[in-house]
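Colleague: Below is a structure I'd like to ask you about.
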Amino acid sequence: MLTYQLNGTTVICNREIPGITGGALDSVEADPGPLLLQGDHGPVDYRNIAITPAKGAR
């Protein structure tokens, strides 16, 4: 499940993301891997990023 906020506005709230995304390195979803952040069409600054493991995550 994923919750995503942008500039204090919730864009996605507690939704399952079906299948792999276009940025996936492979199709093995259960294995740990990198977190990729992408900006599109110009410079992007990131701050106050909080990653909370899902309940039952390894």
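Each chain in the structure tokens gets a letter, A, B and so on, in the order shown; residues start at 1 in every chain, and ligands are counted from 1 in the order they appear.
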So which residues of stretch 6-52 of chain A fall under strand (DSSP E or B) by DSSP, listed as a PyMOL selection string?
Modeller: chain A and resi 6+9-15
Colleague: Write out as a PyMOL selection string which residues come within 9 Å of A:Thr3 when counting only C-alpha atoms, dropping same-chain ones fewer than 3 positions away.
Modeller: chain A and resi 10-15
Colleague: Would you list the contacts of A:Ile51 as an NGL selection string, taking every protein, DNA or RNA residue within 12 Å and counting only C-alpha atoms, but skipping same-chain residues closer than 6 positions in sequence?
Modeller: :A and (2-5 or 35)
Colleague: By how many Å are atom CA of A:Pro53 and atom CA of A:Gly39 apart?
Modeller: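 Interatomic distance, atom CA of A:Pro53 to atom CA of A:Gly39: 23.3 Å.
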Colleague: If you measure from atom CA of A:Glu16 to atom CA of A:Leu36, what distance in Å do you get, rounded to one decimal?
Modeller: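 Answer for the atom CA of A:Glu16 to atom CA of A:Leu36 separation: 18.0 Å.
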